file input24.cif (mmCIF, C-alpha atoms)
data_run
loop_
_atom_site.group_PDB
_atom_site.id
_atom_site.type_symbol
_atom_site.label_atom_id
_atom_site.label_comp_id
_atom_site.auth_asym_id
_atom_site.auth_seq_id
_atom_site.Cartn_x
_atom_site.Cartn_y
_atom_site.Cartn_z
ATOM 1 C CA MET F 111 43.533 -60.323 -38.969
ATOM 2 C CA THR F 112 42.562 -61.529 -35.555
ATOM 3 C CA ALA F 113 39.810 -59.950 -33.591
ATOM 4 C CA ALA F 114 42.277 -58.976 -30.853
ATOM 5 C CA LYS F 115 44.539 -57.114 -33.266
ATOM 6 C CA SER F 116 41.688 -55.185 -34.889
ATOM 7 C CA SER F 117 40.481 -54.188 -31.454
ATOM 8 C CA LEU F 118 43.971 -52.956 -30.610
ATOM 9 C CA GLN F 119 44.152 -50.922 -33.796
ATOM 10 C CA ARG F 120 40.837 -49.392 -33.057
ATOM 11 C CA ARG F 121 41.950 -48.558 -29.560
ATOM 12 C CA ALA F 122 45.106 -46.924 -30.887
ATOM 13 C CA PHE F 123 43.068 -44.965 -33.374
ATOM 14 C CA LEU F 124 40.629 -43.805 -30.732
ATOM 15 C CA ALA F 125 43.503 -42.812 -28.478
ATOM 16 C CA GLY F 126 44.953 -40.822 -31.354
ATOM 17 C CA VAL F 127 41.652 -39.068 -31.982
ATOM 18 C CA ALA F 128 41.329 -38.245 -28.305
ATOM 19 C CA LEU F 129 44.883 -36.874 -28.232
ATOM 20 C CA VAL F 130 44.350 -34.725 -31.323
ATOM 21 C CA SER F 131 41.113 -33.289 -29.976
ATOM 22 C CA VAL F 132 42.845 -32.445 -26.698
ATOM 23 C CA VAL F 133 45.934 -30.970 -28.311
ATOM 24 C CA ALA F 134 44.204 -29.147 -31.191
ATOM 25 C CA PRO F 135 44.364 -25.473 -30.323
ATOM 26 C CA GLN F 136 40.993 -23.837 -29.901
ATOM 27 C CA ALA F 137 40.505 -20.910 -32.226
ATOM 28 C CA ALA F 138 40.986 -17.564 -30.434
ATOM 29 C CA ARG F 139 39.175 -18.230 -27.198
ATOM 30 C CA ALA F 140 39.328 -16.930 -23.726
ATOM 31 C CA THR F 141 40.143 -19.641 -21.207
ATOM 32 C CA PRO F 142 39.691 -19.839 -17.463
ATOM 33 C CA GLU F 143 43.344 -18.742 -17.278
ATOM 34 C CA ALA F 144 42.665 -15.746 -19.527
ATOM 35 C CA MET F 145 39.765 -14.830 -17.262
ATOM 36 C CA ALA F 146 41.989 -15.144 -14.195
ATOM 37 C CA GLU F 147 44.495 -12.832 -15.875
ATOM 38 C CA ALA F 148 41.817 -10.308 -16.794
ATOM 39 C CA ILE F 149 40.580 -10.359 -13.198
ATOM 40 C CA LYS F 150 44.127 -9.919 -11.921
ATOM 41 C CA ALA F 151 44.565 -6.893 -14.191
ATOM 42 C CA VAL F 152 41.612 -5.256 -12.415
ATOM 43 C CA VAL F 153 42.090 -6.512 -8.876
ATOM 44 C CA GLY F 154 45.867 -6.791 -8.630
ATOM 45 C CA ASP F 155 47.064 -8.615 -5.552
ATOM 46 C CA ARG F 156 44.203 -7.496 -3.330
ATOM 47 C CA PRO F 157 41.908 -10.197 -1.969
ATOM 48 C CA VAL F 158 38.522 -10.903 -3.575
ATOM 49 C CA ARG F 159 35.858 -12.200 -1.203
ATOM 50 C CA GLU F 160 32.723 -14.062 -2.158
ATOM 51 C CA GLY F 161 29.458 -12.456 -1.157
ATOM 52 C CA ARG F 162 27.449 -9.209 -1.222
ATOM 53 C CA VAL F 163 27.146 -9.539 -5.009
ATOM 54 C CA THR F 164 24.075 -11.088 -6.617
ATOM 55 C CA LEU F 165 24.616 -12.250 -10.167
ATOM 56 C CA ASP F 166 21.323 -13.004 -11.827
ATOM 57 C CA LEU F 167 21.148 -14.816 -15.147
ATOM 58 C CA PRO F 168 19.213 -17.850 -16.330
ATOM 59 C CA PRO F 169 20.977 -21.183 -15.606
ATOM 60 C CA LEU F 170 19.825 -22.731 -18.882
ATOM 61 C CA ILE F 171 20.135 -20.530 -21.946
ATOM 62 C CA GLU F 172 18.468 -21.434 -25.207
ATOM 63 C CA ASN F 173 19.949 -18.615 -27.243
ATOM 64 C CA GLY F 174 23.427 -17.338 -26.415
ATOM 65 C CA ASN F 175 22.962 -14.215 -28.521
ATOM 66 C CA THR F 176 20.899 -12.363 -25.929
ATOM 67 C CA VAL F 177 21.215 -13.410 -22.323
ATOM 68 C CA PRO F 178 19.681 -11.110 -19.728
ATOM 69 C CA LEU F 179 22.179 -10.442 -16.948
ATOM 70 C CA SER F 180 21.737 -8.413 -13.802
ATOM 71 C CA VAL F 181 24.299 -7.637 -11.121
ATOM 72 C CA ALA F 182 23.260 -6.202 -7.761
ATOM 73 C CA VAL F 183 25.589 -5.382 -4.886
ATOM 74 C CA GLU F 184 24.643 -4.917 -1.240
ATOM 75 C CA SER F 185 25.975 -1.506 -0.331
ATOM 76 C CA PRO F 186 24.749 1.570 1.553
ATOM 77 C CA MET F 187 25.896 3.639 -1.468
ATOM 78 C CA SER F 188 26.898 6.509 0.812
ATOM 79 C CA GLU F 189 29.730 8.963 0.238
ATOM 80 C CA ALA F 190 31.925 6.939 2.617
ATOM 81 C CA ASP F 191 31.013 3.464 1.458
ATOM 82 C CA HIS F 192 29.778 2.856 -2.051
ATOM 83 C CA VAL F 193 30.382 0.598 -5.008
ATOM 84 C CA LYS F 194 32.828 2.237 -7.401
ATOM 85 C CA ALA F 195 32.748 -0.310 -10.174
ATOM 86 C CA ILE F 196 31.186 -3.560 -11.290
ATOM 87 C CA HIS F 197 33.197 -5.813 -13.582
ATOM 88 C CA VAL F 198 31.855 -8.901 -15.336
ATOM 89 C CA PHE F 199 34.067 -11.594 -16.855
ATOM 90 C CA ASN F 200 33.501 -14.807 -18.800
ATOM 91 C CA GLU F 201 35.554 -17.943 -19.406
ATOM 92 C CA LYS F 202 34.899 -19.053 -22.942
ATOM 93 C CA ASN F 203 33.880 -16.173 -25.168
ATOM 94 C CA PRO F 204 36.635 -14.982 -27.512
ATOM 95 C CA GLN F 205 37.569 -12.321 -24.935
ATOM 96 C CA PRO F 206 37.308 -12.532 -21.154
ATOM 97 C CA HIS F 207 35.778 -9.058 -20.634
ATOM 98 C CA VAL F 208 32.038 -8.504 -20.647
ATOM 99 C CA PHE F 209 31.633 -5.011 -19.191
ATOM 100 C CA ASP F 210 33.007 -2.564 -16.654
ATOM 101 C CA ALA F 211 30.444 -0.219 -15.111
ATOM 102 C CA ARG F 212 31.416 2.813 -13.004
ATOM 103 C CA LEU F 213 29.058 3.905 -10.260
ATOM 104 C CA GLY F 214 29.011 6.387 -7.438
ATOM 105 C CA PRO F 215 27.015 7.379 -4.365
ATOM 106 C CA ARG F 216 24.463 9.129 -6.611
ATOM 107 C CA ASN F 217 23.302 5.781 -7.939
ATOM 108 C CA GLY F 218 21.548 4.942 -4.681
ATOM 109 C CA ARG F 219 21.413 1.277 -5.541
ATOM 110 C CA ALA F 220 24.307 -0.661 -7.013
ATOM 111 C CA GLN F 221 22.460 -2.579 -9.668
ATOM 112 C CA VAL F 222 23.152 -2.867 -13.385
ATOM 113 C CA ALA F 223 21.280 -4.898 -15.969
ATOM 114 C CA THR F 224 22.150 -5.615 -19.578
ATOM 115 C CA ARG F 225 22.053 -8.381 -22.187
ATOM 116 C CA ILE F 226 25.138 -10.339 -23.173
ATOM 117 C CA LYS F 227 26.362 -12.917 -25.684
ATOM 118 C CA LEU F 228 27.668 -16.300 -24.597
ATOM 119 C CA GLY F 229 29.679 -18.552 -26.911
ATOM 120 C CA ASP F 230 29.554 -21.692 -24.781
ATOM 121 C CA SER F 231 28.451 -23.201 -21.482
ATOM 122 C CA GLN F 232 30.692 -21.565 -18.933
ATOM 123 C CA ARG F 233 31.162 -19.695 -15.681
ATOM 124 C CA ILE F 234 30.425 -15.991 -15.411
ATOM 125 C CA VAL F 235 32.092 -13.940 -12.677
ATOM 126 C CA ALA F 236 31.004 -10.531 -11.388
ATOM 127 C CA ILE F 237 33.333 -8.473 -9.196
ATOM 128 C CA ALA F 238 32.350 -5.309 -7.347
ATOM 129 C CA GLU F 239 34.930 -2.783 -6.212
ATOM 130 C CA THR F 240 33.965 -0.604 -3.250
ATOM 131 C CA SER F 241 35.231 2.844 -2.299
ATOM 132 C CA ARG F 242 36.962 1.230 0.665
ATOM 133 C CA GLY F 243 39.100 -0.811 -1.690
ATOM 134 C CA GLU F 244 37.335 -4.100 -1.035
ATOM 135 C CA PHE F 245 36.456 -6.559 -3.775
ATOM 136 C CA TRP F 246 33.380 -8.774 -3.593
ATOM 137 C CA SER F 247 32.453 -11.388 -6.126
ATOM 138 C CA ALA F 248 29.801 -13.811 -7.269
ATOM 139 C CA SER F 249 29.847 -16.390 -9.998
ATOM 140 C CA ALA F 250 27.287 -18.399 -11.910
ATOM 141 C CA ASP F 251 27.535 -21.475 -14.111
ATOM 142 C CA VAL F 252 25.369 -21.402 -17.193
ATOM 143 C CA ILE F 253 24.506 -23.956 -19.854
ATOM 144 C CA VAL F 254 24.142 -22.594 -23.376
ATOM 145 C CA THR F 255 22.319 -24.726 -25.922
ATOM 146 C CA LEU F 256 22.650 -22.398 -28.928
ATOM 147 C CA ALA F 257 25.900 -20.461 -28.790
ATOM 148 C CA ALA F 258 26.361 -16.933 -30.081
ATOM 149 C CA CYS F 259 28.598 -16.307 -33.104
ATOM 150 C CA LEU F 260 28.170 -19.772 -34.595
ATOM 151 C CA GLU F 261 26.194 -18.837 -37.664
ATOM 152 C CA GLU F 262 27.631 -21.021 -40.443
ATOM 153 C CA LEU F 263 27.643 -19.868 -44.034
ATOM 154 C CA THR F 264 25.404 -21.905 -46.280
ATOM 155 C CA MET W 36 19.635 7.486 -38.075
ATOM 156 C CA THR W 37 20.089 6.167 -34.607
ATOM 157 C CA ASN W 38 17.161 4.735 -32.809
ATOM 158 C CA VAL W 39 17.193 5.074 -29.063
ATOM 159 C CA LEU W 40 14.607 4.088 -26.492
ATOM 160 C CA ILE W 41 14.759 5.590 -23.014
ATOM 161 C CA ASN W 42 12.490 4.532 -20.196
ATOM 162 C CA ALA W 43 12.590 7.083 -17.399
ATOM 163 C CA PRO W 44 9.949 8.621 -15.135
ATOM 164 C CA LYS W 45 8.771 12.119 -16.109
ATOM 165 C CA THR W 46 8.539 13.220 -12.504
ATOM 166 C CA ALA W 47 10.130 12.020 -9.312
ATOM 167 C CA ARG W 48 10.150 13.017 -5.679
ATOM 168 C CA ARG W 49 13.371 14.529 -4.363
ATOM 169 C CA GLY W 50 15.608 11.736 -3.125
ATOM 170 C CA GLU W 51 13.569 9.044 -4.843
ATOM 171 C CA LEU W 52 15.402 6.073 -6.320
ATOM 172 C CA ILE W 53 14.578 5.831 -10.014
ATOM 173 C CA GLU W 54 15.556 3.299 -12.645
ATOM 174 C CA LEU W 55 16.738 4.463 -16.050
ATOM 175 C CA LYS W 56 16.506 1.942 -18.885
ATOM 176 C CA THR W 57 18.139 2.497 -22.238
ATOM 177 C CA LEU W 58 18.110 0.617 -25.517
ATOM 178 C CA ILE W 59 19.926 1.583 -28.691
ATOM 179 C CA LEU W 60 19.850 0.127 -32.187
ATOM 180 C CA HIS W 61 23.363 -1.147 -33.015
ATOM 181 C CA PRO W 62 24.705 -4.378 -34.591
ATOM 182 C CA MET W 63 27.537 -4.891 -32.027
ATOM 183 C CA GLU W 64 29.526 -6.833 -34.617
ATOM 184 C CA THR W 65 32.116 -8.811 -32.663
ATOM 185 C CA GLY W 66 34.951 -8.939 -35.184
ATOM 186 C CA PHE W 67 35.158 -12.720 -34.810
ATOM 187 C CA ARG W 68 32.519 -13.765 -37.339
ATOM 188 C CA PRO W 69 33.248 -14.741 -40.944
ATOM 189 C CA GLY W 70 31.327 -12.854 -43.601
ATOM 190 C CA THR W 71 29.899 -14.053 -46.905
ATOM 191 C CA ASN W 72 33.221 -13.484 -48.732
ATOM 192 C CA GLY W 73 35.125 -15.705 -46.300
ATOM 193 C CA GLY W 74 36.852 -12.823 -44.544
ATOM 194 C CA ILE W 75 36.218 -11.702 -41.003
ATOM 195 C CA ILE W 76 33.573 -9.000 -40.611
ATOM 196 C CA PRO W 77 35.433 -6.086 -38.978
ATOM 197 C CA ARG W 78 34.556 -5.246 -35.395
ATOM 198 C CA ASN W 79 31.921 -2.567 -34.957
ATOM 199 C CA ILE W 80 30.795 -2.127 -31.371
ATOM 200 C CA ILE W 81 29.753 0.568 -28.968
ATOM 201 C CA GLN W 82 32.690 0.973 -26.608
ATOM 202 C CA ARG W 83 31.367 3.385 -24.063
ATOM 203 C CA PHE W 84 28.085 4.494 -22.564
ATOM 204 C CA VAL W 85 27.887 7.554 -20.314
ATOM 205 C CA ALA W 86 24.913 9.067 -18.492
ATOM 206 C CA THR W 87 24.976 12.591 -17.093
ATOM 207 C CA TRP W 88 22.476 14.466 -14.939
ATOM 208 C CA ASN W 89 22.667 18.208 -15.623
ATOM 209 C CA GLY W 90 26.201 17.676 -16.854
ATOM 210 C CA THR W 91 27.412 15.611 -13.893
ATOM 211 C CA GLU W 92 28.348 12.050 -14.716
ATOM 212 C CA ILE W 93 26.157 9.579 -12.835
ATOM 213 C CA PHE W 94 26.968 6.310 -14.585
ATOM 214 C CA SER W 95 29.296 4.983 -17.232
ATOM 215 C CA MET W 96 29.996 1.617 -18.744
ATOM 216 C CA ASP W 97 32.724 0.179 -20.979
ATOM 217 C CA LEU W 98 31.211 -2.364 -23.336
ATOM 218 C CA SER W 99 32.898 -5.331 -25.011
ATOM 219 C CA PRO W 100 31.945 -7.458 -28.022
ATOM 220 C CA ALA W 101 30.206 -9.754 -25.499
ATOM 221 C CA ILE W 102 27.334 -7.290 -25.164
ATOM 222 C CA SER W 103 24.351 -8.284 -27.307
ATOM 223 C CA ALA W 104 23.293 -6.473 -30.444
ATOM 224 C CA ASN W 105 21.063 -3.492 -29.670
ATOM 225 C CA PRO W 106 22.621 -2.927 -26.242
ATOM 226 C CA PHE W 107 20.245 -2.632 -23.334
ATOM 227 C CA VAL W 108 21.579 -0.999 -20.175
ATOM 228 C CA SER W 109 19.641 -0.193 -17.056
ATOM 229 C CA PHE W 110 20.815 1.363 -13.799
ATOM 230 C CA PHE W 111 19.515 3.278 -10.814
ATOM 231 C CA THR W 112 20.030 6.818 -9.630
ATOM 232 C CA VAL W 113 18.726 9.127 -6.939
ATOM 233 C CA ALA W 114 16.620 12.017 -8.240
ATOM 234 C CA THR W 115 18.346 15.128 -6.907
ATOM 235 C CA GLU W 116 17.186 18.103 -8.979
ATOM 236 C CA SER W 117 14.989 18.827 -11.961
ATOM 237 C CA GLY W 118 16.877 18.764 -15.167
ATOM 238 C CA ARG W 119 18.144 16.978 -18.170
ATOM 239 C CA VAL W 120 19.524 13.453 -18.107
ATOM 240 C CA ALA W 121 21.715 12.909 -21.129
ATOM 241 C CA PHE W 122 22.897 9.573 -22.499
ATOM 242 C CA ARG W 123 25.828 9.216 -24.849
ATOM 243 C CA TRP W 124 27.025 6.137 -26.724
ATOM 244 C CA SER W 125 30.334 6.123 -28.600
ATOM 245 C CA GLY W 126 32.154 3.387 -30.440
ATOM 246 C CA ASP W 127 33.915 2.014 -33.480
ATOM 247 C CA GLU W 128 33.757 3.665 -36.890
ATOM 248 C CA GLY W 129 33.110 7.046 -35.309
ATOM 249 C CA PHE W 130 29.772 5.976 -33.886
ATOM 250 C CA LEU W 131 28.221 8.616 -31.673
ATOM 251 C CA ALA W 132 24.649 8.865 -30.438
ATOM 252 C CA GLU W 133 23.113 11.179 -27.897
ATOM 253 C CA GLU W 134 19.691 11.308 -26.348
ATOM 254 C CA SER W 135 18.288 13.115 -23.355
ATOM 255 C CA VAL W 136 15.171 13.214 -21.232
ATOM 256 C CA THR W 137 13.937 15.816 -18.783
ATOM 257 C CA ILE W 138 12.882 14.773 -15.313
ATOM 258 C CA ASP W 139 10.929 17.037 -12.981
ATOM 259 C CA VAL W 140 11.918 16.588 -9.377
ATOM 260 C CA VAL W 141 9.278 17.832 -6.958
#

call {"tool": "encode", "arguments": {"input": "input24.cif", "output": "structure tokens"}}
result
Amino acid sequence: MTAAKSSLQRRAFLAGVALVSVVAPQAARATPEAMAEAIKAVVGDRPVREGRVTLDLPPLIENGNTVPLSVAVESPMSEADHVKAIHVFNEKNPQPHVFDARLGPRNGRAQVATRIKLGDSQRIVAIAETSRGEFWSASADVIVTLAACLEELT
Amino acid sequence: MTNVLINAPKTARRGELIELKTLILHPMETGFRPGTNGGIIPRNIIQRFVATWNGTEIFSMDLSPAISANPFVSFFTVATESGRVAFRWSGDEGFLAEESVTIDVV
């Protein structure tokens, strides 16, 4: 066998491996498309503008099982103009939804904090819906070094 | 049976912005993890959290499996009148927990 041929075989093999790993379906996972669909289900055809929302979570996450997340929205929180709801979505957990919080003028400040699970490095999107029917959003990219839900049986 | 931690001020001035922090003991099993017998552990999560001030709803949240075990939720509210702030968590397998605190508004 010549060196050239063996190199070709190896190349073909590597190409095959690459193809399989691309084509192999990922086990039940949300995708950026699934997130877009989930967002569309909430927003509909109305425009979503970037801004007014502050999405606070650490950029580098050591443990995806508990990730502190805080969403704050600039709003007067008056009867006429307040944040009605805050929705948070993810790209790569098994499901695109994280939470939907309902607020009102009595909240005074549109800020919610919780802790979430992240299955992979991905983009998190927060969308705020105001009483005037506007949608504002913010997104954050996070890197997860130890993903949630990956405990293997030994 | 249920362990709940609430962090809220005992007194507040009228119109003051106060933060209410809640933590509840719950596994928040996602329904995507395999168990020791090879099967999938069935989903067991808290689906809904509602806070009321003297019976009026002030905040609610729909949770998903992506919320960490022992869900922590914090939010703000304006202290309007003395009374009871009640928190209610409900979820899979008939889970229901309630806790309340009294806040004096002066």

call {"tool": "residues_around", "arguments": {"input": "input24.cif", "residues": "F:His207", "least_positions_apart": "3", "cutoff": "12 Å", "atoms": "all atoms listed in the file", "output": "compact mmCIF listing (two decimals) with C-alpha atoms, in the frame of the given file"}}
result
# COMPACT_ATOMS: atom_id res chain seq x y z
CA ARG F 139 39.17 -18.23 -27.20
CA ALA F 140 39.33 -16.93 -23.73
CA THR F 141 40.14 -19.64 -21.21
CA PRO F 142 39.69 -19.84 -17.46
CA ALA F 144 42.66 -15.75 -19.53
CA MET F 145 39.76 -14.83 -17.26
CA ALA F 146 41.99 -15.14 -14.20
CA GLU F 147 44.50 -12.83 -15.88
CA ALA F 148 41.82 -10.31 -16.79
CA ILE F 149 40.58 -10.36 -13.20
CA ALA F 151 44.56 -6.89 -14.19
CA VAL F 152 41.61 -5.26 -12.42
CA ILE F 196 31.19 -3.56 -11.29
CA HIS F 197 33.20 -5.81 -13.58
CA VAL F 198 31.86 -8.90 -15.34
CA PHE F 199 34.07 -11.59 -16.86
CA ASN F 200 33.50 -14.81 -18.80
CA GLU F 201 35.55 -17.94 -19.41
CA LYS F 202 34.90 -19.05 -22.94
CA ASN F 203 33.88 -16.17 -25.17
CA PRO F 204 36.64 -14.98 -27.51
CA ASP F 210 33.01 -2.56 -16.65
CA ALA F 211 30.44 -0.22 -15.11
CA ILE F 226 25.14 -10.34 -23.17
CA LYS F 227 26.36 -12.92 -25.68
CA LEU F 228 27.67 -16.30 -24.60
CA ILE F 234 30.42 -15.99 -15.41
CA VAL F 235 32.09 -13.94 -12.68
CA ALA F 236 31.00 -10.53 -11.39
CA ILE F 237 33.33 -8.47 -9.20
CA ASP W 97 32.72 0.18 -20.98
CA LEU W 98 31.21 -2.36 -23.34
CA SER W 99 32.90 -5.33 -25.01
CA PRO W 100 31.94 -7.46 -28.02
CA ALA W 101 30.21 -9.75 -25.50
CA ILE W 102 27.33 -7.29 -25.16

call {"tool": "resolve_selection", "arguments": {"input": "input24.cif", "expression": "the PyMOL selection byres ((chain F) within 8 of (chain W))", "output": "ChimeraX atom specification"}}
result
/F:175-177,203-205,207-214,216-228,259-260,263

call {"tool": "residues_near_point", "arguments": {"input": "input24.cif", "point": "(24.9, 15.1, -21.8)", "cutoff": "9 Å", "atoms": "only C-alpha atoms", "output": "ChimeraX atom specification"}}
result
/W:85-92,119-123,133-135

call {"tool": "atom_distance", "arguments": {"input": "input24.cif", "atom1": "atom CA of F:Ser249", "atom2": "atom CA of F:Thr164"}}
result
8.5 Å

call {"tool": "atom_distance", "arguments": {"input": "input24.cif", "atom1": "atom CA of W:His61", "atom2": "atom CA of W:Ile80"}}
result
7.7 Å

call {"tool": "resolve_selection", "arguments": {"input": "input24.cif", "expression": "the PyMOL selection byres ((chain F and resi 247) around 9)", "output": "MDAnalysis selection string"}}
result
chainID F and resid 158:165 235:239 245:246 248:249

call {"tool": "write_last_selection", "arguments": {"input": "input24.cif", "atoms": "C-alpha atoms", "output": "short mmCIF file (atom, residue, chain, number, x, y, z; two decimals), in the frame of the given file"}}
result
data_model
loop_
_atom_site.label_atom_id
_atom_site.label_comp_id
_atom_site.auth_asym_id
_atom_site.auth_seq_id
_atom_site.Cartn_x
_atom_site.Cartn_y
_atom_site.Cartn_z
CA VAL F 158 38.52 -10.90 -3.58
CA ARG F 159 35.86 -12.20 -1.20
CA GLU F 160 32.72 -14.06 -2.16
CA GLY F 161 29.46 -12.46 -1.16
CA ARG F 162 27.45 -9.21 -1.22
CA VAL F 163 27.15 -9.54 -5.01
CA THR F 164 24.08 -11.09 -6.62
CA LEU F 165 24.62 -12.25 -10.17
CA VAL F 235 32.09 -13.94 -12.68
CA ALA F 236 31.00 -10.53 -11.39
CA ILE F 237 33.33 -8.47 -9.20
CA ALA F 238 32.35 -5.31 -7.35
CA GLU F 239 34.93 -2.78 -6.21
CA PHE F 245 36.46 -6.56 -3.78
CA TRP F 246 33.38 -8.77 -3.59
CA ALA F 248 29.80 -13.81 -7.27
CA SER F 249 29.85 -16.39 -10.00
#

call {"tool": "atom_distance", "arguments": {"input": "input24.cif", "atom1": "atom CA of F:Pro168", "atom2": "atom CA of F:Ala257"}}
result
14.4 Å

call {"tool": "axis_aligned_box", "arguments": {"input": "input24.cif", "around": "stretch 102-117 of chain W", "padding_each_side": "6 Å", "output": "AutoDock Vina command-line options"}}
result
--center_x 21.2 --center_y 5.3 --center_z -18.7 --size_x 24.3 --size_y 39.1 --size_z 35.5

call {"tool": "build_atoms", "arguments": {"input": "input24.cif", "residues": "stretch 49-67 of chain W", "atoms": "N, CA and C atoms", "output": "PDB file, keeping the file's coordinate frame"}}
result
ATOM      1  N   ARG W  49      11.966  14.284  -4.688  1.00  0.00           N
ATOM      2  CA  ARG W  49      13.371  14.529  -4.363  1.00  0.00           C
ATOM      3  C   ARG W  49      13.893  13.375  -3.496  1.00  0.00           C
ATOM      4  N   GLY W  50      15.012  12.828  -3.884  1.00  0.00           N
ATOM      5  CA  GLY W  50      15.608  11.736  -3.125  1.00  0.00           C
ATOM      6  C   GLY W  50      15.068  10.364  -3.502  1.00  0.00           C
ATOM      7  N   GLU W  51      14.142  10.332  -4.451  1.00  0.00           N
ATOM      8  CA  GLU W  51      13.569   9.044  -4.843  1.00  0.00           C
ATOM      9  C   GLU W  51      14.558   8.261  -5.713  1.00  0.00           C
ATOM     10  N   LEU W  52      14.549   6.942  -5.508  1.00  0.00           N
ATOM     11  CA  LEU W  52      15.402   6.073  -6.320  1.00  0.00           C
ATOM     12  C   LEU W  52      14.663   5.747  -7.613  1.00  0.00           C
ATOM     13  N   ILE W  53      15.250   6.109  -8.746  1.00  0.00           N
ATOM     14  CA  ILE W  53      14.578   5.831 -10.014  1.00  0.00           C
ATOM     15  C   ILE W  53      15.466   4.944 -10.890  1.00  0.00           C
ATOM     16  N   GLU W  54      14.813   4.155 -11.721  1.00  0.00           N
ATOM     17  CA  GLU W  54      15.556   3.299 -12.645  1.00  0.00           C
ATOM     18  C   GLU W  54      15.510   3.906 -14.038  1.00  0.00           C
ATOM     19  N   LEU W  55      16.654   3.962 -14.688  1.00  0.00           N
ATOM     20  CA  LEU W  55      16.738   4.463 -16.050  1.00  0.00           C
ATOM     21  C   LEU W  55      17.102   3.300 -16.957  1.00  0.00           C
ATOM     22  N   LYS W  56      16.260   3.058 -17.960  1.00  0.00           N
ATOM     23  CA  LYS W  56      16.506   1.942 -18.885  1.00  0.00           C
ATOM     24  C   LYS W  56      16.768   2.511 -20.264  1.00  0.00           C
ATOM     25  N   THR W  57      17.799   1.996 -20.917  1.00  0.00           N
ATOM     26  CA  THR W  57      18.139   2.497 -22.238  1.00  0.00           C
ATOM     27  C   THR W  57      18.319   1.345 -23.218  1.00  0.00           C
ATOM     28  N   LEU W  58      17.944   1.604 -24.452  1.00  0.00           N
ATOM     29  CA  LEU W  58      18.110   0.617 -25.517  1.00  0.00           C
ATOM     30  C   LEU W  58      18.488   1.377 -26.780  1.00  0.00           C
ATOM     31  N   ILE W  59      19.506   0.897 -27.472  1.00  0.00           N
ATOM     32  CA  ILE W  59      19.926   1.583 -28.691  1.00  0.00           C
ATOM     33  C   ILE W  59      20.096   0.576 -29.819  1.00  0.00           C
ATOM     34  N   LEU W  60      19.730   1.000 -31.014  1.00  0.00           N
ATOM     35  CA  LEU W  60      19.850   0.127 -32.187  1.00  0.00           C
ATOM     36  C   LEU W  60      21.308   0.112 -32.641  1.00  0.00           C
ATOM     37  N   HIS W  61      21.961  -1.044 -32.593  1.00  0.00           N
ATOM     38  CA  HIS W  61      23.363  -1.147 -33.015  1.00  0.00           C
ATOM     39  C   HIS W  61      23.702  -2.620 -33.237  1.00  0.00           C
ATOM     40  N   PRO W  62      24.452  -2.953 -34.313  1.00  0.00           N
ATOM     41  CA  PRO W  62      24.705  -4.378 -34.591  1.00  0.00           C
ATOM     42  C   PRO W  62      25.650  -5.052 -33.601  1.00  0.00           C
ATOM     43  N   MET W  63      26.532  -4.311 -32.942  1.00  0.00           N
ATOM     44  CA  MET W  63      27.537  -4.891 -32.027  1.00  0.00           C
ATOM     45  C   MET W  63      28.260  -6.064 -32.698  1.00  0.00           C
ATOM     46  N   GLU W  64      28.796  -5.799 -33.883  1.00  0.00           N
ATOM     47  CA  GLU W  64      29.526  -6.833 -34.617  1.00  0.00           C
ATOM     48  C   GLU W  64      30.821  -7.155 -33.872  1.00  0.00           C
ATOM     49  N   THR W  65      31.029  -8.453 -33.589  1.00  0.00           N
ATOM     50  CA  THR W  65      32.116  -8.811 -32.663  1.00  0.00           C
ATOM     51  C   THR W  65      33.516  -8.724 -33.255  1.00  0.00           C
ATOM     52  N   GLY W  66      33.622  -8.876 -34.592  1.00  0.00           N
ATOM     53  CA  GLY W  66      34.951  -8.939 -35.184  1.00  0.00           C
ATOM     54  C   GLY W  66      35.522 -10.350 -35.162  1.00  0.00           C
ATOM     55  N   PHE W  67      34.700 -11.331 -34.820  1.00  0.00           N
ATOM     56  CA  PHE W  67      35.158 -12.720 -34.810  1.00  0.00           C
ATOM     57  C   PHE W  67      34.376 -13.569 -35.800  1.00  0.00           C
TER      58      PHE W  67
END
